[in-house]
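Comments concern the structure below.
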Amino acid sequence: MHARLKTIWKTRELSTLFVLALEVAFFTWYLWPEGGRSHPFFNLSNLVLILKYSALYGIAAIGAAMVIISGGVDLSPGAVMALAGVVTGHVFVVQGHPLSAGVTAGILTGLTCGIVSALLVVAVKLPPFIATLGIMGIARGIAFIITEGRFFDLSSRLPAGWKPFGLPADWLAPIVLVALAAVFQYLMQRFQWGRAIFAIGGNETAALFSGIRVGRVKASVYIVAAVLASLSGVILVAIQGQGRADLATGYELDIIASSVVGGASLTGGRGSVVGAVLGTLIFGVLRNALPQIPGATFYDRLIVGVVVVVIVVVDQFIARKGA
Amino acid sequence: MSELSFQGVTKSFGAVRALKGVTFPVEEGEAHALVGENGAGKSTLMRVLAGIVRPDGGQLVWGGRKLDLHSPRAALDQGIGMVYQEMLLFPNLTVSGNIFAGREITAGGGRLREPDMRERTVRLLEELHLAVSPDAEVATLSTAHQQLVQIARALAFECRILILDEPTTCLTEAETAHLFAILDKLRQRGVTLIYVSHKLDEVFRLCQRITVLRDGEHVGTFEAGRTTPREIVRSMVGRDIDPAARVPRTVPADAPDVLVVERLTRRPWFADVSLRVRAGEIVGLFGLVGSGRSELLETLFGLYRPDAGTLSFSGGPARFASPVEAIRAGLALVPEERHRQGLFFNLTVRHNLLLPAENASDAWRIDDRRERADAQRLVEHWRIKTAGVEAPPDSLSGGNQQKVVMAKWLQASPRLLLLDEPTKGVDVGAKWEIHDLIRRQADQGMGCLVVSSELPEILSLADRIVVLREGRVQGELAGAGADEESVMRLATAVRH
C-alpha cells in the first residue's frame with residue numbers, strides 16, 4: 001500500500017492534480033459567502049471562465065512543455081499568439097475573407113514562425129533562448145506593423161451567438177485543449193517521436209550517437225510549439241472578438257512557469273504535457289481567485305511568484321528524498 | 001573471407017593531426033585490440049568507424065566494398081555498433097528506454113511496443129547477470145551498472161562489428177570476466193570485435209591480434225600469441241619502460257606527521273577510520289568501488305562534515321568546514337572525475353593552471369603577460385603536451401589534462417596532497433610520468449594520500465597501504481612487502 005502511494009505521488013501529473021484540488025478547496029473554503037449567497041468562486045460560470053482563459057495558455061503550454069523536455073526553451077509563444085491573432089483579424093475583418101481563411105492564415109503564420117525558430121536552433125545552432133527571443137521580438141513587431149496601433153473588431157463580423165462546430169464559443173478553447181493534451185500526451189509517452197524528445201533532453205550527444213535524427217526531431221518540436229501557440233492565438237481573438245498586437249503580452253513566462261510547476265525540468269528530459277496543462281490551471285485559479293480576496297489586489301503577482309518557487313522547491317525536495 | 005580495412009585514414013582537428021594515414025586490416029570474426037597512449041588516435045579512428053567523425057582522407061573498406069559512414073545512424077544501419085568510453089546514457093529514461101533509444105521496437109506509425117522491449121530487456125539483463133529492473137531510471141543506478149547498461153545497448157542489436165572503448169573501467173573483476181565470456185560467444189557467432197583498452201592484461205586475455213597506434217600512426221599489428229606486454233608497451237611509448245616496477249624510496253624515520261585521523265566517521269560511507277600520513281610519505285588507500293575511499297578523501301578536504309572523530313594537521317587539531325579552509329591550511333585534492341571536478345573546459349590551459357593562484361592573490365587585476373609567462377613555465381616544468389597556454393583543455397590528452405590538474409594544485413606547495421585515482425583513463429607513458437611526479441613531490445617533504453582501485457599502481461607507488469572495506473579500515477601493510485594477494489585478501493575479506 002505504501003509503495004502504491006509512493007508510485008502515485010511520483011506520477012507527477014497526479015501530484016500536480018492534487019495541488020490543483022487543494023488550491024480549489026482552499027479558495028472555496030476561504031471565499032465561502034455568508035448567509036446563503038451564491039459562492040463567488042465555486043460556481044459553474046466562474047469555473048467555466050477559469051477554464052476558458054486557462055485553456056488559451058494551456059494549448060500553448062503543450063508545445064512549450066515539449067520544447068522544455070527536449071532541453072530547449074521557447075520564449076516566443078506569447079508573440080506568436082498575438083501575430084497569429086492579428087493576421088486572422090486582418091484577413092477576416094480588413095480583407096473580408098471568410099473566417100476559415102483567416103484561421104488558416106493565422107495557423108500558417110504560426111507554422112512560419114516555427115520553421116524560422118527551428119532553422120535558427122537546428123541549422124544556425126543558436127541557443128534556443130536567443131533564437132526564440134529573436135522570434136518573440138520579430139513576431140510581436142510584425143503584429144504592431146500590421147495593426148498600426150488599431151484593433152480588428154472580429155465580433156462585428158461574427159454572427160451574434162456564434163457557435164463554432166455547434167458549441168458555445170466559451171467551450172471552444174477547453175475542448176480543443178483537452179483533445180490536444182490527450183493526443184500529445186499519448187504521442188510523448190507511447191511513440192518513438194516522443195521517446196526521441198525525452199532522449200534528446202536527457203543527453204543530446206547520446207541521442208545523436210544512438211542514431212536518433214536529433215536535428216529533425218528538435219525542429220519538429222519548435223514547429224509544433226509555434227503552431228499550437230498560433231492556434232491558441234486564433235482562438236483567443238475569436239472568443240474575445242478583438243485582434244490586437246498587444247495580446248498575450250508576457251504569456252511566455254507564465255507558460256514556462258506552468259510547464260515547470262507541472263513537472264518539467266528546465267535542464268530537459270523531464271516533464272509532461274498533461275502536467276503543463278494542469279500547471280496552467282493552477283495559475284488560472286490563482287489569477288481568478290486572488291482578486292476576489294479583499295485587500296489582496298496588489299498582492300497577486302507576488303503570490304504567483306511565491307507559488308512557483310514553493311512548488312518547484314517542494315518537488316525537488318521530494319525528488320531528492322525519493323532517490 | 002571478408003575483412004575490414006582502414007586505408008590511409010587521415011584526420012586533423014585544427015592544427016592537431018590526429019590520424020596520419022592509418023592503414024591496417026581487421027579480419028572478420030576476430031577480437032582485434034587497438035592500443036596506444038592517449039592522444040595516439042585510437043578514439044578518433046574508432047569514431048570514424050562509428051560514423052561520428054568524418055575523415056579528411058582515406059577510406060574504410062569492408063568485404064571489398066567502401067563503407068559510407070556519414071553519420072552514426074549510417075554506421076549502425078551497416079551493423080557497426082560501439083560502446084563508448086564516456087557514459088553516453090539517458091539518465092532520465094528507464095533501462096529499457098536506454099537500451100532501445102533510437103531503435104525502438106514499434107508497431108505501425110512509430111507507436112512503441114513497450115512490452116516487447118521490456119521482455120527483450122529482461123532477457124538481456126539476465127544474460128549479463130545484471131540485477132536491475134528494466135523499469136529503473138538509469139540515473140538511479142550505480143556507475144558500474146550504468147556501464148553494463150551501455151554494453152547491453154550494444155548487444156541488443158545484431159551488429160557485425162562491435163567496437164568497445166575501455167568498457168571495463170568501472171567493472172569489477174567478476175563482471176569483466178563475465179563480459180569477456182559474452183564477447184567470446186559473440187565472436188564465435190562471427191561478430192568482429194575491436195577492443196580499445198589501456199589494460200594490457202585484458203587485451204591479451206581477449207584478443208587474437210593487437211594493433212598499436214602512436215601519434216596518429218600505425219606502428220604495427222602483432223599476433224597476441226607471439227608477442228609480450230613488454231613489447232607492446234615499448235611500441236606504444238617508443239621506449240622501454242616497465243610501469244609496474246617499484247621505485248624504492250625511504251621516508252626519514254624522524255619525519256613528522258602531516259595528517260593524523262582518529263576514528264573519523266561519516267555515515268553511511270565510513271566509520272572509525274584512523275590513519276596517519278607523515279611528511280614525505282606516500283600512503284596508498286586501497287578499496288573496491290563502494291568502500292568509501294573517495295568519500296573519505298572528500299571529507300578530509302572539508303566537502304562533508306564528519307559525524308565523529310578528529311583530525312590533526314601539521315601537529316595541531318584541525319576542522320575544515322569547507323574546501324577553502326582546507327586549501328588555506330595546506331591541503332590539495334586532485335579529484336577523481338577530471339571532467340566534472342577538476343577542469344574548466346570553458347577556460348584556457350593558462351587559466352586552469354593559475355586559477356588557485358589568481359584566487360589566492362590579493363591583486364584585483366589579472367596581469368596577462370605575467371600569467372602567460374607563469375603558465376609557460378609550468379607547462380615546461382610539468383612537460384604538459386599542449387598547443388600552447390591558450391589552448392582549451394579538451395584539446396589535451398587525458399594524461400596531460402591530469403598533469404594540468406596536478407600542476408594547478410601543486411603551485412601552492414600544499415603540505416598534504418590527496419589524489420583520487422590519479423591515473424584513471426591515462427595511458428602507460430603518462431601514468432609513469434605522473435607516478436614520477438608524485439614521488440618527486442614526496443621527496444620534497446609533501447605527504448601524499450593516494451586512492452586507487454588499480455592494485456599495481458598502489459603497489460608500485462605507496463610506502464604504506466591502508467585497506468578499506470565497507471567504510472572500515474581492514475589493515476595496514478608496508479608497501480615494500482605487500483603483494484596483490486595480501487591486499488586483495490584484506491579488501492575482499494576472503495580468508496585463505
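To be explicit about the labels: the chains of the C-alpha cells are called A, B, and onward in the order shown, and within each one the residues are counted from 1, while ligands get numbers from 1 in the order they are shown.
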
>> Need the shell around segment 69-71 of chain B: protein/DNA/RNA residues with any atom at most 7 Å away, counting only C-alpha atoms. Skip same-chain ones fewer than 5 positions apart. Format as JSON, numbers by chain?
In response: {"B": [51, 52, 54]}

>> Need the shell around Gly315 of chain B: protein/DNA/RNA residues with any atom at most 8 Å away, counting only C-alpha atoms. Skip same-chain ones fewer than 6 positions apart. Format as a VMD selection string?
In response: chain B and resid 257 to 259

For the selection you just gave me, I'd like the residues written to a file as a compact mmCIF listing (two decimals), in the first residue's frame, keeping C-alpha atoms.
# COMPACT_ATOMS: atom_id res chain seq x y z
CA ASP B 257 53.08 13.52 10.96
CA VAL B 258 51.28 15.75 8.47
CA LEU B 259 47.88 14.24 8.97

> as a list in words, which residues of segment 285-345 of chain B does DSSP assign to strand (DSSP E or B)?
Replying inline: Leu285, Phe286, Ala308, Gly309, Thr310, Leu311, Ser312, Phe313, Gly316, Pro317, Ala318, Leu331, Ala332, Leu333 and Val334 of chain B

> Contacts of Arg190 of chain A at 10 Å or less, counting only C-alpha atoms, minus same-chain residues fewer than 5 places along, as a list in words?
Replying inline: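 Contacts, with the query itself left out: Phe184, Gln185 and Arg195 of chain A; Thr106, Gly110, Arg111, Leu112, Arg113 and Glu114 of chain B.
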
>> Just want the 8 Å neighbourhood of Thr280 of chain A, counted on only C-alpha atoms, with same-chain residues fewer than 3 positions away dropped. Output as a PyMOL selection string.
In response: chain A and resi 54-55+57-58+61+254-255+258-259+276-277+283-284

The selected residues should be written to file as a PDB file, in the first residue's frame (atoms: N, CA and C atoms).
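Generated output (out.pdb):
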ATOM      1  N   SER A  54      -7.666  29.732 -18.961  1.00  0.00           N
ATOM      2  CA  SER A  54      -6.517  28.840 -18.752  1.00  0.00           C
ATOM      3  C   SER A  54      -6.250  28.012 -19.988  1.00  0.00           C
ATOM      4  N   ALA A  55      -7.340  27.655 -20.686  1.00  0.00           N
ATOM      5  CA  ALA A  55      -7.182  26.799 -21.857  1.00  0.00           C
ATOM      6  C   ALA A  55      -6.346  27.484 -22.924  1.00  0.00           C
ATOM      7  N   TYR A  57      -3.839  29.564 -22.422  1.00  0.00           N
ATOM      8  CA  TYR A  57      -2.448  29.321 -22.020  1.00  0.00           C
ATOM      9  C   TYR A  57      -2.097  27.866 -22.252  1.00  0.00           C
ATOM     10  N   GLY A  58      -3.060  27.004 -21.902  1.00  0.00           N
ATOM     11  CA  GLY A  58      -2.804  25.570 -21.887  1.00  0.00           C
ATOM     12  C   GLY A  58      -2.411  25.025 -23.246  1.00  0.00           C
ATOM     13  N   ALA A  61       0.962  25.892 -23.791  1.00  0.00           N
ATOM     14  CA  ALA A  61       1.840  25.222 -22.825  1.00  0.00           C
ATOM     15  C   ALA A  61       2.167  23.797 -23.257  1.00  0.00           C
ATOM     16  N   ASP A 254       4.615  32.948 -18.162  1.00  0.00           N
ATOM     17  CA  ASP A 254       3.598  32.181 -17.437  1.00  0.00           C
ATOM     18  C   ASP A 254       3.511  30.763 -17.974  1.00  0.00           C
ATOM     19  N   ILE A 255       3.668  30.656 -19.295  1.00  0.00           N
ATOM     20  CA  ILE A 255       3.580  29.332 -19.915  1.00  0.00           C
ATOM     21  C   ILE A 255       4.753  28.455 -19.478  1.00  0.00           C
ATOM     22  N   SER A 258       4.181  27.433 -15.967  1.00  0.00           N
ATOM     23  CA  SER A 258       3.179  26.361 -15.868  1.00  0.00           C
ATOM     24  C   SER A 258       3.815  25.006 -16.153  1.00  0.00           C
ATOM     25  N   SER A 259       4.666  24.963 -17.174  1.00  0.00           N
ATOM     26  CA  SER A 259       5.305  23.691 -17.508  1.00  0.00           C
ATOM     27  C   SER A 259       6.153  23.206 -16.340  1.00  0.00           C
ATOM     28  N   ALA A 276       1.878  20.147 -17.663  1.00  0.00           N
ATOM     29  CA  ALA A 276       1.935  21.562 -18.039  1.00  0.00           C
ATOM     30  C   ALA A 276       0.537  22.159 -18.102  1.00  0.00           C
ATOM     31  N   VAL A 277      -0.413  21.393 -18.644  1.00  0.00           N
ATOM     32  CA  VAL A 277      -1.790  21.884 -18.735  1.00  0.00           C
ATOM     33  C   VAL A 277      -2.359  22.093 -17.331  1.00  0.00           C
ATOM     34  N   PHE A 283      -2.341  28.193 -12.165  1.00  0.00           N
ATOM     35  CA  PHE A 283      -2.200  29.647 -12.263  1.00  0.00           C
ATOM     36  C   PHE A 283      -3.530  30.321 -12.597  1.00  0.00           C
ATOM     37  N   GLY A 284      -4.351  29.668 -13.427  1.00  0.00           N
ATOM     38  CA  GLY A 284      -5.649  30.233 -13.788  1.00  0.00           C
ATOM     39  C   GLY A 284      -6.509  30.443 -12.554  1.00  0.00           C
TER      40      GLY A 284
END

Contact residues (chain B, partner chain A, 8 Å, only C-alpha atoms) as a PDB file with N, CA and C atoms, in the first residue's frame:
ATOM      1  N   ILE B  52      30.925   8.976 -36.443  1.00  0.00           N
ATOM      2  CA  ILE B  52      30.802  10.219 -35.687  1.00  0.00           C
ATOM      3  C   ILE B  52      31.761  11.268 -36.225  1.00  0.00           C
ATOM      4  N   SER B  71      27.168   9.271 -40.928  1.00  0.00           N
ATOM      5  CA  SER B  71      26.504   9.596 -39.663  1.00  0.00           C
ATOM      6  C   SER B  71      26.494   8.357 -38.777  1.00  0.00           C
ATOM      7  N   PRO B  72      26.299   8.552 -37.457  1.00  0.00           N
ATOM      8  CA  PRO B  72      26.219   7.392 -36.576  1.00  0.00           C
ATOM      9  C   PRO B  72      25.130   6.434 -37.037  1.00  0.00           C
ATOM     10  N   ARG B  73      24.053   7.008 -37.543  1.00  0.00           N
ATOM     11  CA  ARG B  73      22.952   6.167 -37.994  1.00  0.00           C
ATOM     12  C   ARG B  73      23.383   5.286 -39.163  1.00  0.00           C
ATOM     13  N   ALA B  74      24.132   5.893 -40.093  1.00  0.00           N
ATOM     14  CA  ALA B  74      24.591   5.126 -41.254  1.00  0.00           C
ATOM     15  C   ALA B  74      25.456   3.958 -40.797  1.00  0.00           C
ATOM     16  N   LEU B  76      25.364   2.464 -37.823  1.00  0.00           N
ATOM     17  CA  LEU B  76      24.504   1.490 -37.154  1.00  0.00           C
ATOM     18  C   LEU B  76      23.755   0.645 -38.171  1.00  0.00           C
ATOM     19  N   LEU B  88      27.472   7.449 -22.256  1.00  0.00           N
ATOM     20  CA  LEU B  88      26.504   8.033 -23.181  1.00  0.00           C
ATOM     21  C   LEU B  88      25.150   7.388 -22.953  1.00  0.00           C
ATOM     22  N   LEU B  89      24.546   7.794 -21.860  1.00  0.00           N
ATOM     23  CA  LEU B  89      23.254   7.234 -21.494  1.00  0.00           C
ATOM     24  C   LEU B  89      22.251   8.354 -21.315  1.00  0.00           C
ATOM     25  N   PHE B  90      20.998   7.968 -21.194  1.00  0.00           N
ATOM     26  CA  PHE B  90      19.945   8.941 -20.939  1.00  0.00           C
ATOM     27  C   PHE B  90      19.529   8.775 -19.477  1.00  0.00           C
ATOM     28  N   PRO B  91      20.009   9.644 -18.605  1.00  0.00           N
ATOM     29  CA  PRO B  91      19.728   9.448 -17.179  1.00  0.00           C
ATOM     30  C   PRO B  91      18.229   9.479 -16.873  1.00  0.00           C
ATOM     31  N   ASN B  92      17.467  10.165 -17.713  1.00  0.00           N
ATOM     32  CA  ASN B  92      16.041  10.350 -17.439  1.00  0.00           C
ATOM     33  C   ASN B  92      15.180   9.199 -17.956  1.00  0.00           C
ATOM     34  N   LEU B  93      15.776   8.304 -18.732  1.00  0.00           N
ATOM     35  CA  LEU B  93      14.981   7.198 -19.268  1.00  0.00           C
ATOM     36  C   LEU B  93      15.220   5.922 -18.457  1.00  0.00           C
ATOM     37  N   ALA B 101      16.870   3.176 -27.161  1.00  0.00           N
ATOM     38  CA  ALA B 101      16.809   4.565 -27.630  1.00  0.00           C
ATOM     39  C   ALA B 101      17.283   4.664 -29.071  1.00  0.00           C
ATOM     40  N   GLY B 102      16.464   5.246 -29.903  1.00  0.00           N
ATOM     41  CA  GLY B 102      16.827   5.440 -31.306  1.00  0.00           C
ATOM     42  C   GLY B 102      16.501   4.256 -32.180  1.00  0.00           C
ATOM     43  N   ARG B 103      16.277   3.089 -31.561  1.00  0.00           N
ATOM     44  CA  ARG B 103      15.959   1.901 -32.353  1.00  0.00           C
ATOM     45  C   ARG B 103      14.838   1.127 -31.683  1.00  0.00           C
ATOM     46  N   GLU B 104      13.805   1.872 -31.288  1.00  0.00           N
ATOM     47  CA  GLU B 104      12.705   1.263 -30.559  1.00  0.00           C
ATOM     48  C   GLU B 104      11.994   0.228 -31.415  1.00  0.00           C
ATOM     49  N   THR B 106       8.665  -0.858 -32.739  1.00  0.00           N
ATOM     50  CA  THR B 106       7.431  -0.115 -32.914  1.00  0.00           C
ATOM     51  C   THR B 106       6.411  -0.895 -33.709  1.00  0.00           C
ATOM     52  N   GLY B 110       5.070   4.341 -35.687  1.00  0.00           N
ATOM     53  CA  GLY B 110       6.010   4.745 -34.650  1.00  0.00           C
ATOM     54  C   GLY B 110       5.477   4.571 -33.236  1.00  0.00           C
ATOM     55  N   ARG B 111       4.397   3.784 -33.092  1.00  0.00           N
ATOM     56  CA  ARG B 111       3.886   3.546 -31.745  1.00  0.00           C
ATOM     57  C   ARG B 111       4.781   2.512 -31.058  1.00  0.00           C
ATOM     58  N   LEU B 112       5.179   2.816 -29.828  1.00  0.00           N
ATOM     59  CA  LEU B 112       6.140   1.963 -29.125  1.00  0.00           C
ATOM     60  C   LEU B 112       5.484   0.672 -28.672  1.00  0.00           C
ATOM     61  N   THR B 140      19.354   6.398 -11.363  1.00  0.00           N
ATOM     62  CA  THR B 140      19.391   5.837 -10.024  1.00  0.00           C
ATOM     63  C   THR B 140      20.356   4.656  -9.910  1.00  0.00           C
TER      64      THR B 140
END

>> If I take atom CA of Met406 of chain B and atom CA of Leu449 of chain B, how far is one from the other in Å, to one decimal?
In response: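 Here the two named atoms are 13.7 Å from each other.
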
> When you draw a straight line from atom CA of Val404 of chain B to atom CA of Ala387 of chain B, how long is it in Å?
Replying inline: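 If I compute the distance from atom CA of Val404 of chain B to atom CA of Ala387 of chain B, I get 13.4 Å.
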
> Distance atom CA of Gly233 of chain A-atom CA of Val304 of chain A, one decimal place?
Replying inline: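 Atom-to-atom, atom CA of Gly233 of chain A to atom CA of Val304 of chain A, that is 23.3 Å.
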
> So which residues touch Tyr251 of chain A within 9 Å, counting only C-alpha atoms, skipping near sequence neighbours fewer than 2 positions away, as an NGL selection string?
Replying inline: :A and (57 or 77-79 or 248-249 or 253-256)

> Excluding same-chain residues fewer than 2 positions from segment 427-431 of chain B, what lies within 12 Å of it counting only C-alpha atoms, as an MDAnalysis selection string?
Replying inline: chainID B and resid 35:40 42 166 196:200 214 229:230 232:244 382:385 397:403 421:425 433:438 454 456:457 460:461

Writer output for current selection, C-alpha atoms, as a compact mmCIF listing (two decimals), in the first residue's frame:
# COMPACT_ATOMS: atom_id res chain seq x y z
CA VAL B 35 46.19 0.13 -28.09
CA GLY B 36 48.27 3.24 -27.78
CA GLU B 37 48.86 6.14 -25.47
CA ASN B 38 46.15 8.74 -25.00
CA GLY B 39 46.31 11.05 -27.97
CA ALA B 40 47.60 8.27 -30.21
CA LYS B 42 42.59 5.30 -31.13
CA GLU B 166 37.51 0.96 -22.46
CA VAL B 196 40.28 -0.36 -27.28
CA SER B 197 41.95 -0.50 -23.88
CA HIS B 198 44.85 0.57 -21.73
CA LYS B 199 44.66 -2.62 -19.76
CA LEU B 200 47.11 -4.91 -21.48
CA ARG B 214 51.42 6.09 -31.79
CA PRO B 229 53.11 -6.99 -22.96
CA ARG B 230 56.60 -5.59 -22.71
CA ILE B 232 53.55 -3.82 -26.86
CA VAL B 233 54.38 -1.16 -24.26
CA ARG B 234 57.66 -0.49 -26.00
CA SER B 235 55.96 0.10 -29.32
CA MET B 236 53.30 2.24 -27.65
CA VAL B 237 55.67 4.64 -25.95
CA GLY B 238 58.67 4.23 -28.25
CA ARG B 239 60.99 3.37 -25.38
CA ASP B 240 61.50 0.59 -22.89
CA ILE B 241 59.76 1.10 -19.54
CA ASP B 242 58.15 -1.20 -17.07
CA PRO B 243 55.30 0.75 -15.50
CA ALA B 244 54.77 -1.75 -12.71
CA TRP B 382 55.45 19.52 -15.94
CA ARG B 383 56.13 18.56 -19.56
CA ILE B 384 52.50 19.15 -20.50
CA LYS B 385 51.94 18.46 -24.17
CA SER B 397 45.08 14.03 -23.96
CA GLY B 398 43.82 12.57 -20.69
CA GLY B 399 47.28 12.25 -19.18
CA ASN B 400 48.14 15.83 -19.99
CA GLN B 401 44.84 17.04 -18.61
CA GLN B 402 45.68 15.26 -15.40
CA LYS B 403 49.05 16.98 -15.32
CA GLU B 421 42.56 7.82 -8.93
CA PRO B 422 45.38 9.98 -10.30
CA THR B 423 45.88 7.88 -13.43
CA LYS B 424 42.33 6.84 -14.25
CA GLY B 425 41.97 6.61 -18.02
CA GLU B 433 55.30 10.28 -15.60
CA ILE B 434 52.52 11.05 -13.11
CA HIS B 435 53.90 8.47 -10.67
CA ASP B 436 57.30 10.05 -11.06
CA LEU B 437 55.82 13.48 -10.33
CA ILE B 438 54.11 12.19 -7.20
CA GLU B 454 44.36 -0.28 -9.54
CA PRO B 456 49.57 -2.47 -9.42
CA GLU B 457 49.52 1.30 -9.09
CA SER B 460 54.37 0.39 -7.14
CA LEU B 461 53.71 3.78 -5.61

> Which residue gives the smallest distance to Leu19 of chain B among B:Arg187, B:Ala75, B:Leu213, B:Ser5, with only C-alpha atoms counted?
Replying inline: B:Leu213

>> Please extract the residues of segment 246-457 of chain B with a backbone DSSP assignment of helix (DSSP H, G or I) and present them as a PyMOL selection string.
In response: chain B and resi 293-300+323-329+338-342+349-360+368-381+393-395+398-410+428-443+455-457

So that I have them on file, write out the residues from the current selection with C-alpha atoms, as a PDB file, in the first residue's frame.
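The result, written out as result.pdb:
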ATOM      1  CA  ARG B 293      37.582   5.756  -0.117  1.00  0.00           C
ATOM      2  CA  SER B 294      36.613   8.759  -2.294  1.00  0.00           C
ATOM      3  CA  GLU B 295      34.184   9.966   0.330  1.00  0.00           C
ATOM      4  CA  LEU B 296      36.927   9.744   2.948  1.00  0.00           C
ATOM      5  CA  LEU B 297      39.197  11.990   0.884  1.00  0.00           C
ATOM      6  CA  GLU B 298      36.389  14.430   0.250  1.00  0.00           C
ATOM      7  CA  THR B 299      35.544  14.564   3.936  1.00  0.00           C
ATOM      8  CA  LEU B 300      39.204  15.262   4.794  1.00  0.00           C
ATOM      9  CA  PRO B 323      37.425  23.227   0.850  1.00  0.00           C
ATOM     10  CA  VAL B 324      38.515  26.863   1.099  1.00  0.00           C
ATOM     11  CA  GLU B 325      39.621  26.304   4.697  1.00  0.00           C
ATOM     12  CA  ALA B 326      41.334  23.063   3.773  1.00  0.00           C
ATOM     13  CA  ILE B 327      43.247  24.728   0.951  1.00  0.00           C
ATOM     14  CA  ARG B 328      44.284  27.621   3.201  1.00  0.00           C
ATOM     15  CA  ALA B 329      45.589  25.120   5.740  1.00  0.00           C
ATOM     16  CA  ARG B 338      38.746  15.225 -14.125  1.00  0.00           C
ATOM     17  CA  HIS B 339      35.929  16.262 -16.357  1.00  0.00           C
ATOM     18  CA  ARG B 340      33.422  17.019 -13.703  1.00  0.00           C
ATOM     19  CA  GLN B 341      35.537  18.132 -10.774  1.00  0.00           C
ATOM     20  CA  GLY B 342      38.986  19.096 -11.940  1.00  0.00           C
ATOM     21  CA  VAL B 349      45.078  25.862 -20.063  1.00  0.00           C
ATOM     22  CA  ARG B 350      46.616  29.025 -18.646  1.00  0.00           C
ATOM     23  CA  HIS B 351      43.551  29.978 -16.605  1.00  0.00           C
ATOM     24  CA  ASN B 352      43.129  26.424 -15.431  1.00  0.00           C
ATOM     25  CA  LEU B 353      46.721  26.311 -14.256  1.00  0.00           C
ATOM     26  CA  LEU B 354      46.619  29.634 -12.491  1.00  0.00           C
ATOM     27  CA  LEU B 355      43.120  29.702 -11.081  1.00  0.00           C
ATOM     28  CA  PRO B 356      44.059  28.855  -7.484  1.00  0.00           C
ATOM     29  CA  ALA B 357      46.882  31.375  -7.691  1.00  0.00           C
ATOM     30  CA  GLU B 358      44.515  34.013  -9.031  1.00  0.00           C
ATOM     31  CA  ASN B 359      42.141  33.294  -6.177  1.00  0.00           C
ATOM     32  CA  ALA B 360      44.825  33.440  -3.544  1.00  0.00           C
ATOM     33  CA  ASP B 368      48.047  38.734 -18.580  1.00  0.00           C
ATOM     34  CA  ARG B 369      51.684  38.992 -19.539  1.00  0.00           C
ATOM     35  CA  ARG B 370      52.984  37.669 -16.251  1.00  0.00           C
ATOM     36  CA  GLU B 371      50.381  34.937 -16.211  1.00  0.00           C
ATOM     37  CA  ARG B 372      51.326  33.776 -19.656  1.00  0.00           C
ATOM     38  CA  ALA B 373      54.949  33.544 -18.578  1.00  0.00           C
ATOM     39  CA  ASP B 374      53.996  31.683 -15.380  1.00  0.00           C
ATOM     40  CA  ALA B 375      51.793  29.287 -17.288  1.00  0.00           C
ATOM     41  CA  GLN B 376      54.506  28.675 -19.874  1.00  0.00           C
ATOM     42  CA  ARG B 377      56.947  27.886 -17.098  1.00  0.00           C
ATOM     43  CA  LEU B 378      54.514  25.371 -15.572  1.00  0.00           C
ATOM     44  CA  VAL B 379      53.818  23.735 -18.921  1.00  0.00           C
ATOM     45  CA  GLU B 380      57.540  23.217 -19.412  1.00  0.00           C
ATOM     46  CA  HIS B 381      58.210  22.104 -15.860  1.00  0.00           C
ATOM     47  CA  PRO B 393      41.932  21.734 -22.018  1.00  0.00           C
ATOM     48  CA  ASP B 394      39.844  19.393 -24.156  1.00  0.00           C
ATOM     49  CA  SER B 395      42.486  19.615 -26.873  1.00  0.00           C
ATOM     50  CA  GLY B 398      43.823  12.572 -20.689  1.00  0.00           C
ATOM     51  CA  GLY B 399      47.280  12.247 -19.178  1.00  0.00           C
ATOM     52  CA  ASN B 400      48.141  15.832 -19.987  1.00  0.00           C
ATOM     53  CA  GLN B 401      44.835  17.042 -18.614  1.00  0.00           C
ATOM     54  CA  GLN B 402      45.675  15.261 -15.396  1.00  0.00           C
ATOM     55  CA  LYS B 403      49.051  16.983 -15.317  1.00  0.00           C
ATOM     56  CA  VAL B 404      47.270  20.340 -15.635  1.00  0.00           C
ATOM     57  CA  VAL B 405      45.074  19.462 -12.659  1.00  0.00           C
ATOM     58  CA  MET B 406      48.076  18.412 -10.592  1.00  0.00           C
ATOM     59  CA  ALA B 407      50.216  21.367 -11.604  1.00  0.00           C
ATOM     60  CA  LYS B 408      47.387  23.671 -10.682  1.00  0.00           C
ATOM     61  CA  TRP B 409      47.209  22.383  -7.130  1.00  0.00           C
ATOM     62  CA  LEU B 410      50.895  21.903  -6.529  1.00  0.00           C
ATOM     63  CA  VAL B 428      51.060   3.879 -19.746  1.00  0.00           C
ATOM     64  CA  GLY B 429      53.611   6.543 -20.570  1.00  0.00           C
ATOM     65  CA  ALA B 430      51.692   9.348 -18.878  1.00  0.00           C
ATOM     66  CA  LYS B 431      50.980   7.085 -15.927  1.00  0.00           C
ATOM     67  CA  TRP B 432      54.661   6.532 -15.408  1.00  0.00           C
ATOM     68  CA  GLU B 433      55.302  10.284 -15.604  1.00  0.00           C
ATOM     69  CA  ILE B 434      52.522  11.046 -13.110  1.00  0.00           C
ATOM     70  CA  HIS B 435      53.896   8.467 -10.672  1.00  0.00           C
ATOM     71  CA  ASP B 436      57.299  10.046 -11.061  1.00  0.00           C
ATOM     72  CA  LEU B 437      55.822  13.476 -10.326  1.00  0.00           C
ATOM     73  CA  ILE B 438      54.107  12.192  -7.197  1.00  0.00           C
ATOM     74  CA  ARG B 439      57.373  10.643  -5.973  1.00  0.00           C
ATOM     75  CA  ARG B 440      59.254  13.863  -6.640  1.00  0.00           C
ATOM     76  CA  GLN B 441      56.722  15.832  -4.605  1.00  0.00           C
ATOM     77  CA  ALA B 442      57.018  13.363  -1.741  1.00  0.00           C
ATOM     78  CA  ASP B 443      60.816  13.546  -1.903  1.00  0.00           C
ATOM     79  CA  LEU B 455      46.328  -2.599  -7.392  1.00  0.00           C
ATOM     80  CA  PRO B 456      49.569  -2.465  -9.421  1.00  0.00           C
ATOM     81  CA  GLU B 457      49.524   1.302  -9.087  1.00  0.00           C
TER      82      GLU B 457
END
